[in-house]
$ cat input.cif   # mmCIF, N, CA and C atoms
data_protein
#
loop_
_atom_site.label_atom_id
_atom_site.label_comp_id
_atom_site.auth_asym_id
_atom_site.auth_seq_id
_atom_site.Cartn_x
_atom_site.Cartn_y
_atom_site.Cartn_z
N MET J 1 -12.67 13.94 -8.90
CA MET J 1 -11.26 13.66 -8.96
C MET J 1 -10.53 14.97 -8.71
N ALA J 2 -9.45 14.90 -7.97
CA ALA J 2 -8.70 16.10 -7.63
C ALA J 2 -7.21 15.87 -7.85
N TYR J 3 -6.49 16.95 -8.04
CA TYR J 3 -5.03 16.92 -8.16
C TYR J 3 -4.49 17.98 -7.23
N GLN J 4 -3.51 17.58 -6.43
CA GLN J 4 -2.95 18.48 -5.43
C GLN J 4 -1.50 18.13 -5.20
N VAL J 5 -0.67 19.12 -4.95
CA VAL J 5 0.74 18.91 -4.65
C VAL J 5 1.01 19.44 -3.25
N TYR J 6 1.53 18.57 -2.40
CA TYR J 6 1.94 19.00 -1.07
C TYR J 6 3.42 19.32 -1.10
N VAL J 7 3.80 20.36 -0.39
CA VAL J 7 5.19 20.76 -0.30
C VAL J 7 5.60 20.66 1.16
N GLY J 8 6.61 19.86 1.42
CA GLY J 8 7.05 19.69 2.79
C GLY J 8 6.36 18.52 3.44
N SER J 9 6.57 18.38 4.74
CA SER J 9 6.05 17.21 5.44
C SER J 9 4.85 17.52 6.32
N VAL J 10 4.47 18.78 6.44
CA VAL J 10 3.36 19.14 7.30
C VAL J 10 2.13 19.37 6.42
N GLN J 11 1.01 18.72 6.81
CA GLN J 11 -0.21 18.93 6.05
C GLN J 11 -0.74 20.32 6.34
N ARG J 12 -0.95 21.07 5.32
CA ARG J 12 -1.52 22.40 5.46
C ARG J 12 -2.39 22.65 4.24
N PRO J 13 -3.28 23.60 4.33
CA PRO J 13 -4.10 23.85 3.15
C PRO J 13 -3.22 24.18 1.95
N SER J 14 -3.51 23.54 0.86
CA SER J 14 -2.76 23.81 -0.35
C SER J 14 -3.74 23.86 -1.51
N PRO J 15 -3.40 24.61 -2.54
CA PRO J 15 -4.33 24.72 -3.66
C PRO J 15 -4.49 23.37 -4.36
N LEU J 16 -5.68 23.13 -4.87
CA LEU J 16 -5.92 21.91 -5.62
C LEU J 16 -6.89 22.23 -6.74
N ILE J 17 -6.93 21.34 -7.72
CA ILE J 17 -7.93 21.46 -8.78
C ILE J 17 -8.82 20.22 -8.70
N GLU J 18 -10.13 20.41 -8.89
CA GLU J 18 -11.09 19.31 -8.82
C GLU J 18 -11.90 19.26 -10.11
N SER J 19 -12.16 18.04 -10.57
CA SER J 19 -12.91 17.89 -11.82
C SER J 19 -14.33 18.42 -11.66
N VAL J 20 -14.84 19.01 -12.74
CA VAL J 20 -16.20 19.55 -12.72
C VAL J 20 -17.23 18.43 -12.82
N ASN J 21 -16.83 17.26 -13.32
CA ASN J 21 -17.74 16.12 -13.47
C ASN J 21 -17.31 14.98 -12.55
N LEU J 22 -18.28 14.16 -12.16
CA LEU J 22 -17.97 12.95 -11.43
C LEU J 22 -17.39 11.93 -12.40
N ILE J 23 -16.60 11.02 -11.88
CA ILE J 23 -16.06 9.95 -12.72
C ILE J 23 -17.23 9.08 -13.17
N PRO J 24 -17.41 8.86 -14.48
CA PRO J 24 -18.54 8.06 -14.94
C PRO J 24 -18.41 6.61 -14.47
N GLU J 25 -19.46 6.09 -13.86
CA GLU J 25 -19.43 4.73 -13.34
C GLU J 25 -19.36 3.73 -14.49
N GLY J 26 -18.46 2.75 -14.34
CA GLY J 26 -18.34 1.69 -15.32
C GLY J 26 -17.56 2.06 -16.57
N ALA J 27 -16.99 3.24 -16.63
CA ALA J 27 -16.25 3.68 -17.82
C ALA J 27 -14.75 3.62 -17.56
N TRP J 28 -13.99 3.34 -18.61
CA TRP J 28 -12.54 3.47 -18.56
C TRP J 28 -12.20 4.86 -19.06
N LEU J 29 -11.37 5.55 -18.31
CA LEU J 29 -10.96 6.90 -18.70
C LEU J 29 -9.45 6.95 -18.86
N HIS J 30 -9.02 7.77 -19.78
CA HIS J 30 -7.61 8.15 -19.84
C HIS J 30 -7.55 9.52 -19.20
N VAL J 31 -6.91 9.60 -18.03
CA VAL J 31 -6.83 10.84 -17.27
C VAL J 31 -5.42 11.38 -17.39
N VAL J 32 -5.31 12.66 -17.68
CA VAL J 32 -4.01 13.30 -17.84
C VAL J 32 -4.01 14.59 -17.02
N VAL J 33 -2.97 14.77 -16.22
CA VAL J 33 -2.75 16.04 -15.55
C VAL J 33 -1.48 16.62 -16.14
N VAL J 34 -1.58 17.83 -16.64
CA VAL J 34 -0.42 18.53 -17.19
C VAL J 34 -0.13 19.69 -16.24
N GLN J 35 1.10 19.71 -15.72
CA GLN J 35 1.51 20.81 -14.85
C GLN J 35 2.71 21.49 -15.45
N SER J 36 2.61 22.80 -15.59
CA SER J 36 3.72 23.61 -16.08
C SER J 36 3.86 24.77 -15.09
N GLY J 37 4.96 24.75 -14.34
CA GLY J 37 5.11 25.73 -13.27
C GLY J 37 4.04 25.49 -12.22
N ASP J 38 3.31 26.55 -11.85
CA ASP J 38 2.26 26.37 -10.84
C ASP J 38 0.86 26.24 -11.45
N LEU J 39 0.78 26.06 -12.76
CA LEU J 39 -0.52 25.89 -13.42
C LEU J 39 -0.72 24.43 -13.79
N ALA J 40 -1.86 23.86 -13.40
CA ALA J 40 -2.16 22.47 -13.70
C ALA J 40 -3.51 22.39 -14.40
N THR J 41 -3.61 21.44 -15.33
CA THR J 41 -4.87 21.18 -16.03
C THR J 41 -5.12 19.68 -15.98
N LEU J 42 -6.34 19.30 -15.60
CA LEU J 42 -6.75 17.91 -15.55
C LEU J 42 -7.67 17.65 -16.73
N TYR J 43 -7.30 16.68 -17.57
CA TYR J 43 -8.09 16.29 -18.73
C TYR J 43 -8.53 14.84 -18.56
N TRP J 44 -9.62 14.47 -19.24
CA TRP J 44 -9.91 13.06 -19.39
C TRP J 44 -10.66 12.81 -20.67
N SER J 45 -10.54 11.57 -21.12
CA SER J 45 -11.24 11.10 -22.32
C SER J 45 -11.69 9.68 -22.04
N GLU J 46 -12.93 9.37 -22.41
CA GLU J 46 -13.44 8.01 -22.21
C GLU J 46 -12.84 7.10 -23.26
N ILE J 47 -12.45 5.91 -22.82
CA ILE J 47 -11.85 4.92 -23.72
C ILE J 47 -12.92 3.89 -24.07
N THR J 48 -13.05 3.62 -25.36
CA THR J 48 -13.99 2.59 -25.82
C THR J 48 -13.19 1.42 -26.39
N ASN J 49 -13.86 0.32 -26.65
CA ASN J 49 -13.19 -0.85 -27.23
C ASN J 49 -12.83 -0.64 -28.69
N THR J 50 -13.43 0.37 -29.32
CA THR J 50 -13.22 0.54 -30.76
C THR J 50 -12.09 1.49 -31.12
N SER J 51 -11.74 2.40 -30.24
CA SER J 51 -10.68 3.33 -30.63
C SER J 51 -10.05 4.00 -29.41
N ALA J 52 -8.85 4.49 -29.63
CA ALA J 52 -8.16 5.27 -28.60
C ALA J 52 -8.77 6.67 -28.57
N PRO J 53 -8.63 7.37 -27.48
CA PRO J 53 -9.20 8.73 -27.39
C PRO J 53 -8.61 9.66 -28.43
N THR J 54 -9.45 10.51 -28.97
CA THR J 54 -8.98 11.53 -29.90
C THR J 54 -9.23 12.93 -29.37
N SER J 55 -10.14 13.06 -28.40
CA SER J 55 -10.39 14.38 -27.84
C SER J 55 -10.47 14.27 -26.32
N TYR J 56 -10.00 15.29 -25.67
CA TYR J 56 -9.95 15.33 -24.21
C TYR J 56 -10.71 16.55 -23.72
N SER J 57 -11.49 16.37 -22.67
CA SER J 57 -12.20 17.51 -22.10
C SER J 57 -11.45 18.00 -20.87
N VAL J 58 -11.41 19.32 -20.73
CA VAL J 58 -10.78 19.92 -19.55
C VAL J 58 -11.74 19.74 -18.39
N GLN J 59 -11.27 19.07 -17.35
CA GLN J 59 -12.10 18.84 -16.17
C GLN J 59 -11.80 19.83 -15.06
N ALA J 60 -10.59 20.34 -15.04
CA ALA J 60 -10.20 21.31 -14.01
C ALA J 60 -8.93 22.01 -14.46
N ALA J 61 -8.75 23.22 -13.99
CA ALA J 61 -7.52 23.97 -14.28
C ALA J 61 -7.34 25.00 -13.18
N GLY J 62 -6.09 25.25 -12.84
CA GLY J 62 -5.83 26.26 -11.83
C GLY J 62 -4.43 26.16 -11.28
N LYS J 63 -4.18 26.95 -10.24
CA LYS J 63 -2.85 27.00 -9.63
C LYS J 63 -2.71 25.92 -8.56
N VAL J 64 -1.54 25.31 -8.53
CA VAL J 64 -1.17 24.34 -7.50
C VAL J 64 0.26 24.64 -7.10
N PHE J 65 0.73 24.00 -6.04
CA PHE J 65 2.12 24.18 -5.66
C PHE J 65 3.03 23.56 -6.71
N VAL J 66 4.22 24.09 -6.84
CA VAL J 66 5.24 23.51 -7.70
C VAL J 66 5.93 22.41 -6.91
N PRO J 67 6.00 21.18 -7.45
CA PRO J 67 6.69 20.12 -6.71
C PRO J 67 8.15 20.48 -6.48
N VAL J 68 8.63 20.15 -5.32
CA VAL J 68 10.04 20.38 -4.99
C VAL J 68 10.69 19.02 -4.75
N ALA J 69 12.00 19.01 -4.84
CA ALA J 69 12.73 17.77 -4.64
C ALA J 69 12.80 17.46 -3.15
N VAL J 70 11.92 16.59 -2.70
CA VAL J 70 11.93 16.15 -1.32
C VAL J 70 11.80 14.64 -1.30
N LYS J 71 12.32 14.03 -0.25
CA LYS J 71 12.19 12.59 -0.11
C LYS J 71 10.80 12.28 0.40
N ARG J 72 10.08 11.46 -0.34
CA ARG J 72 8.73 11.07 0.05
C ARG J 72 8.76 9.64 0.56
N THR J 73 8.00 9.38 1.60
CA THR J 73 7.91 8.02 2.12
C THR J 73 6.66 7.32 1.62
N SER J 74 5.70 8.06 1.08
CA SER J 74 4.52 7.44 0.51
C SER J 74 3.96 8.31 -0.60
N ASN J 75 4.17 7.87 -1.83
CA ASN J 75 3.55 8.50 -2.99
C ASN J 75 2.37 7.62 -3.34
N ARG J 76 1.18 8.18 -3.29
CA ARG J 76 -0.01 7.35 -3.43
C ARG J 76 -0.87 7.80 -4.59
N ILE J 77 -1.47 6.83 -5.23
CA ILE J 77 -2.45 7.08 -6.28
C ILE J 77 -3.67 6.26 -5.91
N GLY J 78 -4.79 6.91 -5.73
CA GLY J 78 -6.02 6.21 -5.38
C GLY J 78 -6.21 5.99 -3.89
N VAL J 79 -5.21 6.30 -3.09
CA VAL J 79 -5.28 6.14 -1.64
C VAL J 79 -4.72 7.41 -1.02
N SER J 80 -5.40 7.90 0.00
CA SER J 80 -4.94 9.11 0.66
C SER J 80 -3.93 8.77 1.74
N ASN J 81 -3.14 9.74 2.09
CA ASN J 81 -2.23 9.60 3.23
C ASN J 81 -2.97 9.72 4.55
N TRP J 82 -4.23 10.15 4.50
CA TRP J 82 -5.00 10.39 5.70
C TRP J 82 -6.18 9.42 5.76
N PRO J 83 -6.32 8.69 6.87
CA PRO J 83 -7.32 7.64 6.97
C PRO J 83 -8.77 8.12 6.84
N ALA J 84 -9.05 9.37 7.10
CA ALA J 84 -10.43 9.86 7.01
C ALA J 84 -10.90 9.99 5.56
N ASP J 85 -9.98 10.02 4.61
CA ASP J 85 -10.34 10.18 3.19
C ASP J 85 -10.75 8.84 2.58
N ASP J 86 -11.74 8.89 1.69
CA ASP J 86 -12.13 7.70 0.96
C ASP J 86 -11.07 7.36 -0.07
N GLY J 87 -10.91 6.08 -0.33
CA GLY J 87 -9.98 5.63 -1.36
C GLY J 87 -10.71 5.38 -2.66
N PHE J 88 -9.97 5.25 -3.73
CA PHE J 88 -10.51 4.94 -5.05
C PHE J 88 -10.86 3.46 -5.09
N THR J 89 -12.05 3.12 -5.56
CA THR J 89 -12.49 1.73 -5.56
C THR J 89 -12.53 1.11 -6.95
N GLY J 90 -12.05 1.82 -7.94
CA GLY J 90 -12.03 1.28 -9.31
C GLY J 90 -10.74 0.55 -9.59
N LYS J 91 -10.38 0.48 -10.86
CA LYS J 91 -9.14 -0.17 -11.27
C LYS J 91 -8.27 0.85 -11.99
N ILE J 92 -6.97 0.74 -11.78
CA ILE J 92 -6.00 1.61 -12.45
C ILE J 92 -5.10 0.71 -13.27
N ARG J 93 -5.08 0.93 -14.58
CA ARG J 93 -4.30 0.06 -15.47
C ARG J 93 -2.84 0.48 -15.55
N GLY J 94 -2.56 1.74 -15.46
CA GLY J 94 -1.18 2.19 -15.60
C GLY J 94 -1.03 3.62 -15.16
N VAL J 95 0.18 3.97 -14.81
CA VAL J 95 0.51 5.33 -14.40
C VAL J 95 1.83 5.69 -15.04
N ARG J 96 1.88 6.84 -15.65
CA ARG J 96 3.12 7.33 -16.25
C ARG J 96 3.37 8.75 -15.78
N VAL J 97 4.63 9.05 -15.55
CA VAL J 97 5.03 10.40 -15.18
C VAL J 97 6.08 10.83 -16.19
N TYR J 98 5.90 12.00 -16.78
CA TYR J 98 6.83 12.51 -17.76
C TYR J 98 7.56 13.72 -17.20
N GLY J 99 8.71 14.00 -17.76
CA GLY J 99 9.53 15.11 -17.31
C GLY J 99 9.26 16.40 -18.05
N ARG J 100 8.12 16.51 -18.70
CA ARG J 100 7.77 17.75 -19.38
C ARG J 100 6.26 17.87 -19.47
N ALA J 101 5.77 19.07 -19.70
CA ALA J 101 4.34 19.30 -19.87
C ALA J 101 3.97 19.09 -21.34
N PHE J 102 2.82 18.46 -21.57
CA PHE J 102 2.33 18.23 -22.93
C PHE J 102 1.28 19.26 -23.31
N ALA J 103 1.23 19.57 -24.60
CA ALA J 103 0.15 20.39 -25.13
C ALA J 103 -1.08 19.50 -25.28
N LYS J 104 -2.26 20.08 -25.23
CA LYS J 104 -3.50 19.30 -25.36
C LYS J 104 -3.50 18.51 -26.66
N SER J 105 -2.95 19.06 -27.71
CA SER J 105 -2.93 18.37 -29.01
C SER J 105 -2.07 17.10 -28.99
N GLU J 106 -1.15 16.98 -28.03
CA GLU J 106 -0.28 15.80 -27.94
C GLU J 106 -0.90 14.65 -27.14
N LEU J 107 -1.97 14.92 -26.40
CA LEU J 107 -2.52 13.92 -25.50
C LEU J 107 -2.95 12.63 -26.18
N PRO J 108 -3.59 12.66 -27.37
CA PRO J 108 -3.95 11.38 -28.01
C PRO J 108 -2.75 10.49 -28.29
N GLU J 109 -1.58 11.07 -28.46
CA GLU J 109 -0.37 10.28 -28.72
C GLU J 109 0.04 9.44 -27.52
N LEU J 110 -0.41 9.82 -26.33
CA LEU J 110 -0.02 9.10 -25.13
C LEU J 110 -0.52 7.66 -25.14
N LEU J 111 -1.60 7.38 -25.85
CA LEU J 111 -2.15 6.03 -25.90
C LEU J 111 -2.05 5.38 -27.27
N ARG J 112 -1.67 6.11 -28.27
CA ARG J 112 -1.64 5.57 -29.63
C ARG J 112 -0.67 4.39 -29.70
N ASP J 113 -1.11 3.29 -30.24
CA ASP J 113 -0.31 2.08 -30.40
C ASP J 113 0.24 1.56 -29.07
N GLY J 114 -0.31 2.01 -27.96
CA GLY J 114 0.12 1.52 -26.67
C GLY J 114 1.49 2.01 -26.23
N SER J 115 2.12 2.86 -27.02
CA SER J 115 3.47 3.27 -26.66
C SER J 115 3.51 4.71 -26.19
N GLY J 116 3.14 5.63 -27.06
CA GLY J 116 3.19 7.04 -26.71
C GLY J 116 4.62 7.54 -26.71
N PRO J 117 4.80 8.80 -26.41
CA PRO J 117 6.15 9.37 -26.40
C PRO J 117 6.98 8.77 -25.28
N SER J 118 8.27 8.73 -25.47
CA SER J 118 9.13 8.16 -24.44
C SER J 118 10.00 9.21 -23.77
N TYR J 119 10.00 10.45 -24.26
CA TYR J 119 10.85 11.47 -23.67
C TYR J 119 10.44 11.73 -22.22
N GLY J 120 11.34 11.54 -21.31
CA GLY J 120 11.10 11.84 -19.92
C GLY J 120 10.14 10.89 -19.22
N LEU J 121 9.94 9.70 -19.78
CA LEU J 121 8.94 8.78 -19.24
C LEU J 121 9.46 8.02 -18.04
N LEU J 122 8.65 7.99 -17.00
CA LEU J 122 8.86 7.11 -15.86
C LEU J 122 7.56 6.34 -15.73
N ASP J 123 7.55 5.07 -16.17
CA ASP J 123 6.33 4.27 -16.14
C ASP J 123 6.25 3.56 -14.80
N LEU J 124 5.31 3.98 -13.97
CA LEU J 124 5.22 3.44 -12.62
C LEU J 124 4.62 2.04 -12.58
N CYS J 125 4.10 1.56 -13.70
CA CYS J 125 3.50 0.23 -13.72
C CYS J 125 4.28 -0.73 -14.60
N SER J 126 5.48 -0.38 -14.99
CA SER J 126 6.26 -1.28 -15.83
C SER J 126 6.81 -2.43 -15.00
N PRO J 127 6.98 -3.59 -15.63
CA PRO J 127 7.53 -4.72 -14.86
C PRO J 127 8.91 -4.38 -14.31
N SER J 128 9.15 -4.82 -13.13
CA SER J 128 10.46 -4.62 -12.53
C SER J 128 10.78 -5.84 -11.69
N PRO J 129 12.04 -6.03 -11.37
CA PRO J 129 12.37 -7.21 -10.56
C PRO J 129 11.72 -7.09 -9.20
N PRO J 130 11.36 -8.23 -8.62
CA PRO J 130 10.74 -8.17 -7.29
C PRO J 130 11.74 -7.68 -6.27
N PRO J 131 11.26 -7.11 -5.19
CA PRO J 131 12.18 -6.65 -4.15
C PRO J 131 12.88 -7.84 -3.52
N PRO J 132 14.06 -7.63 -2.95
CA PRO J 132 14.76 -8.74 -2.31
C PRO J 132 13.95 -9.22 -1.11
N PRO J 133 14.11 -10.51 -0.77
CA PRO J 133 13.36 -11.01 0.39
C PRO J 133 13.86 -10.32 1.65
N PRO J 134 12.99 -10.22 2.64
CA PRO J 134 13.43 -9.56 3.88
C PRO J 134 14.52 -10.36 4.56
N ARG J 135 15.42 -9.65 5.17
CA ARG J 135 16.50 -10.31 5.90
C ARG J 135 15.98 -10.77 7.25
N PRO J 136 16.43 -11.94 7.69
CA PRO J 136 16.01 -12.35 9.04
C PRO J 136 16.63 -11.43 10.08
N ALA J 137 15.92 -11.27 11.16
CA ALA J 137 16.42 -10.42 12.25
C ALA J 137 17.69 -11.04 12.81
N PRO J 138 18.70 -10.21 13.08
CA PRO J 138 19.94 -10.77 13.63
C PRO J 138 19.69 -11.37 15.01
N ARG J 139 20.39 -12.44 15.26
CA ARG J 139 20.27 -13.08 16.58
C ARG J 139 21.08 -12.29 17.59
N PRO J 140 20.52 -12.13 18.77
CA PRO J 140 21.31 -11.42 19.79
C PRO J 140 22.47 -12.30 20.23
N PRO J 141 23.59 -11.68 20.61
CA PRO J 141 24.72 -12.47 21.06
C PRO J 141 24.35 -13.20 22.35
N PRO J 142 24.96 -14.35 22.56
CA PRO J 142 24.63 -15.07 23.80
C PRO J 142 25.02 -14.22 25.01
N SER J 143 24.21 -14.32 26.02
CA SER J 143 24.52 -13.54 27.21
C SER J 143 25.67 -14.21 27.96
N PRO J 144 26.54 -13.41 28.51
CA PRO J 144 27.67 -13.98 29.22
C PRO J 144 27.17 -14.72 30.47
N THR J 145 27.80 -15.80 30.73
CA THR J 145 27.44 -16.55 31.93
C THR J 145 28.52 -16.39 32.97
N ALA J 146 28.10 -16.37 34.19
CA ALA J 146 29.07 -16.23 35.29
C ALA J 146 29.79 -17.54 35.48
N PRO J 147 31.09 -17.50 35.74
CA PRO J 147 31.81 -18.75 35.96
C PRO J 147 31.28 -19.45 37.22
N THR J 148 31.24 -20.73 37.14
CA THR J 148 30.78 -21.49 38.32
C THR J 148 31.95 -21.72 39.26
N VAL J 149 31.69 -21.65 40.54
CA VAL J 149 32.73 -21.88 41.54
C VAL J 149 32.44 -23.22 42.21
N PRO J 150 33.52 -24.09 42.27
CA PRO J 150 33.25 -25.41 42.87
C PRO J 150 33.02 -25.33 44.35
#
$ encode --input "input.cif" --output "structure tokens"
Amino acid sequence: MAYQVYVGSVQRPSPLIESVNLIPEGAWLHVVVVQSGDLATLYWSEITNTSAPTSYSVQAAGKVFVPVAVKRTSNRIGVSNWPADDGFTGKIRGVRVYGRAFAKSELPELLRDGSGPSYGLLDLCSPSPPPPPPRPAPRPPPSPTAPTVP
């Protein structure tokens, strides 16, 4: 698993962090990336049926680009913007983006009671109204016809 921030619209080499371990097959993980400035840390904890995670292992840490305010046409999770890259074939239950960096000690709170902190939360998997139906294509105006001469 890797975390990378692209800046701008041109693909160029950019720093990324990659997990030291492979994703365990058949396991549910709570994955957290904390970025503060240009430093990012990727954590994960295995989720069992009996309890929420209480400890997180550091899978990767290092420098990445600082996100800038740019208009994105495709923000993807589990799918690359480039067709040569493999996509994620597992299941993703939810994605949340917060407006602040968390300390490692706060990570278990993210799943406790299914709620977690709400400060700065943007829940990308929360229910929302469906998009409006597509508009039908406008009909072209009738073409002018030449007057007939008797």
$ closest_residue --input "input.cif" --among "J:Thr54, J:Gly78, J:Tyr3, J:Ala103" --to "Leu42 (chain J)" --atoms "all atoms listed in the file"
J:Tyr3
$ atom_distance --input "input.cif" --atom1 "atom N of Leu110 (chain J)" --atom2 "atom N of Gln4 (chain J)"
21.6 Å
$ atom_distance --input "input.cif" --atom1 "CA of Ala69 (chain J)" --atom2 "CA of Val7 (chain J)"
9.2 Å
$ atom_distance --input "input.cif" --atom1 "atom C of Val64 (chain J)" --atom2 "CA of Asp38 (chain J)"
4.6 Å
$ resolve_selection --input "input.cif" --expression "the PyMOL selection byres (((chain J and resi 45 and name CA) around 8) and name CA)" --output "PDB file with N, CA and C atoms, keeping the file's coordinate frame"
ATOM      1  N   LEU J  29     -11.370   5.550 -18.310  1.00  0.00           N
ATOM      2  CA  LEU J  29     -10.960   6.900 -18.700  1.00  0.00           C
ATOM      3  C   LEU J  29      -9.450   6.950 -18.860  1.00  0.00           C
ATOM      4  N   HIS J  30      -9.020   7.770 -19.780  1.00  0.00           N
ATOM      5  CA  HIS J  30      -7.610   8.150 -19.840  1.00  0.00           C
ATOM      6  C   HIS J  30      -7.550   9.520 -19.200  1.00  0.00           C
ATOM      7  N   VAL J  31      -6.910   9.600 -18.030  1.00  0.00           N
ATOM      8  CA  VAL J  31      -6.830  10.840 -17.270  1.00  0.00           C
ATOM      9  C   VAL J  31      -5.420  11.380 -17.390  1.00  0.00           C
ATOM     10  N   TYR J  43      -7.300  16.680 -17.570  1.00  0.00           N
ATOM     11  CA  TYR J  43      -8.090  16.290 -18.730  1.00  0.00           C
ATOM     12  C   TYR J  43      -8.530  14.840 -18.560  1.00  0.00           C
ATOM     13  N   TRP J  44      -9.620  14.470 -19.240  1.00  0.00           N
ATOM     14  CA  TRP J  44      -9.910  13.060 -19.390  1.00  0.00           C
ATOM     15  C   TRP J  44     -10.660  12.810 -20.670  1.00  0.00           C
ATOM     16  N   GLU J  46     -12.930   9.370 -22.410  1.00  0.00           N
ATOM     17  CA  GLU J  46     -13.440   8.010 -22.210  1.00  0.00           C
ATOM     18  C   GLU J  46     -12.840   7.100 -23.260  1.00  0.00           C
ATOM     19  N   ILE J  47     -12.450   5.910 -22.820  1.00  0.00           N
ATOM     20  CA  ILE J  47     -11.850   4.920 -23.720  1.00  0.00           C
ATOM     21  C   ILE J  47     -12.920   3.890 -24.070  1.00  0.00           C
ATOM     22  N   PRO J  53      -8.630   7.370 -27.480  1.00  0.00           N
ATOM     23  CA  PRO J  53      -9.200   8.730 -27.390  1.00  0.00           C
ATOM     24  C   PRO J  53      -8.610   9.660 -28.430  1.00  0.00           C
ATOM     25  N   THR J  54      -9.450  10.510 -28.970  1.00  0.00           N
ATOM     26  CA  THR J  54      -8.980  11.530 -29.900  1.00  0.00           C
ATOM     27  C   THR J  54      -9.230  12.930 -29.370  1.00  0.00           C
ATOM     28  N   SER J  55     -10.140  13.060 -28.400  1.00  0.00           N
ATOM     29  CA  SER J  55     -10.390  14.380 -27.840  1.00  0.00           C
ATOM     30  C   SER J  55     -10.470  14.270 -26.320  1.00  0.00           C
ATOM     31  N   TYR J  56     -10.000  15.290 -25.670  1.00  0.00           N
ATOM     32  CA  TYR J  56      -9.950  15.330 -24.210  1.00  0.00           C
ATOM     33  C   TYR J  56     -10.710  16.550 -23.720  1.00  0.00           C
ATOM     34  N   SER J  57     -11.490  16.370 -22.670  1.00  0.00           N
ATOM     35  CA  SER J  57     -12.200  17.510 -22.100  1.00  0.00           C
ATOM     36  C   SER J  57     -11.450  18.000 -20.870  1.00  0.00           C
TER      37      SER J  57
END
$ closest_residue --input "input.cif" --among "J:Pro24, J:Pro15, J:Gly37, J:Pro108" --to "Val66 (chain J)" --atoms "only N, CA and C atoms"
J:Gly37
$ residues_around --input "input.cif" --residues "region 17-20 of chain J" --least-positions-apart "6" --cutoff "5 Å" --atoms "all atoms listed in the file" --output "short mmCIF file (atom, residue, chain, number, x, y, z; two decimals) with N, CA and C atoms, in the frame of the given file"
data_model
loop_
_atom_site.label_atom_id
_atom_site.label_comp_id
_atom_site.auth_asym_id
_atom_site.auth_seq_id
_atom_site.Cartn_x
_atom_site.Cartn_y
_atom_site.Cartn_z
N MET J 1 -12.67 13.94 -8.90
CA MET J 1 -11.26 13.66 -8.96
C MET J 1 -10.53 14.97 -8.71
N ALA J 2 -9.45 14.90 -7.97
CA ALA J 2 -8.70 16.10 -7.63
C ALA J 2 -7.21 15.87 -7.85
N TYR J 3 -6.49 16.95 -8.04
CA TYR J 3 -5.03 16.92 -8.16
C TYR J 3 -4.49 17.98 -7.23
N GLN J 59 -11.27 19.07 -17.35
CA GLN J 59 -12.10 18.84 -16.17
C GLN J 59 -11.80 19.83 -15.06
N ALA J 60 -10.59 20.34 -15.04
CA ALA J 60 -10.20 21.31 -14.01
C ALA J 60 -8.93 22.01 -14.46
#
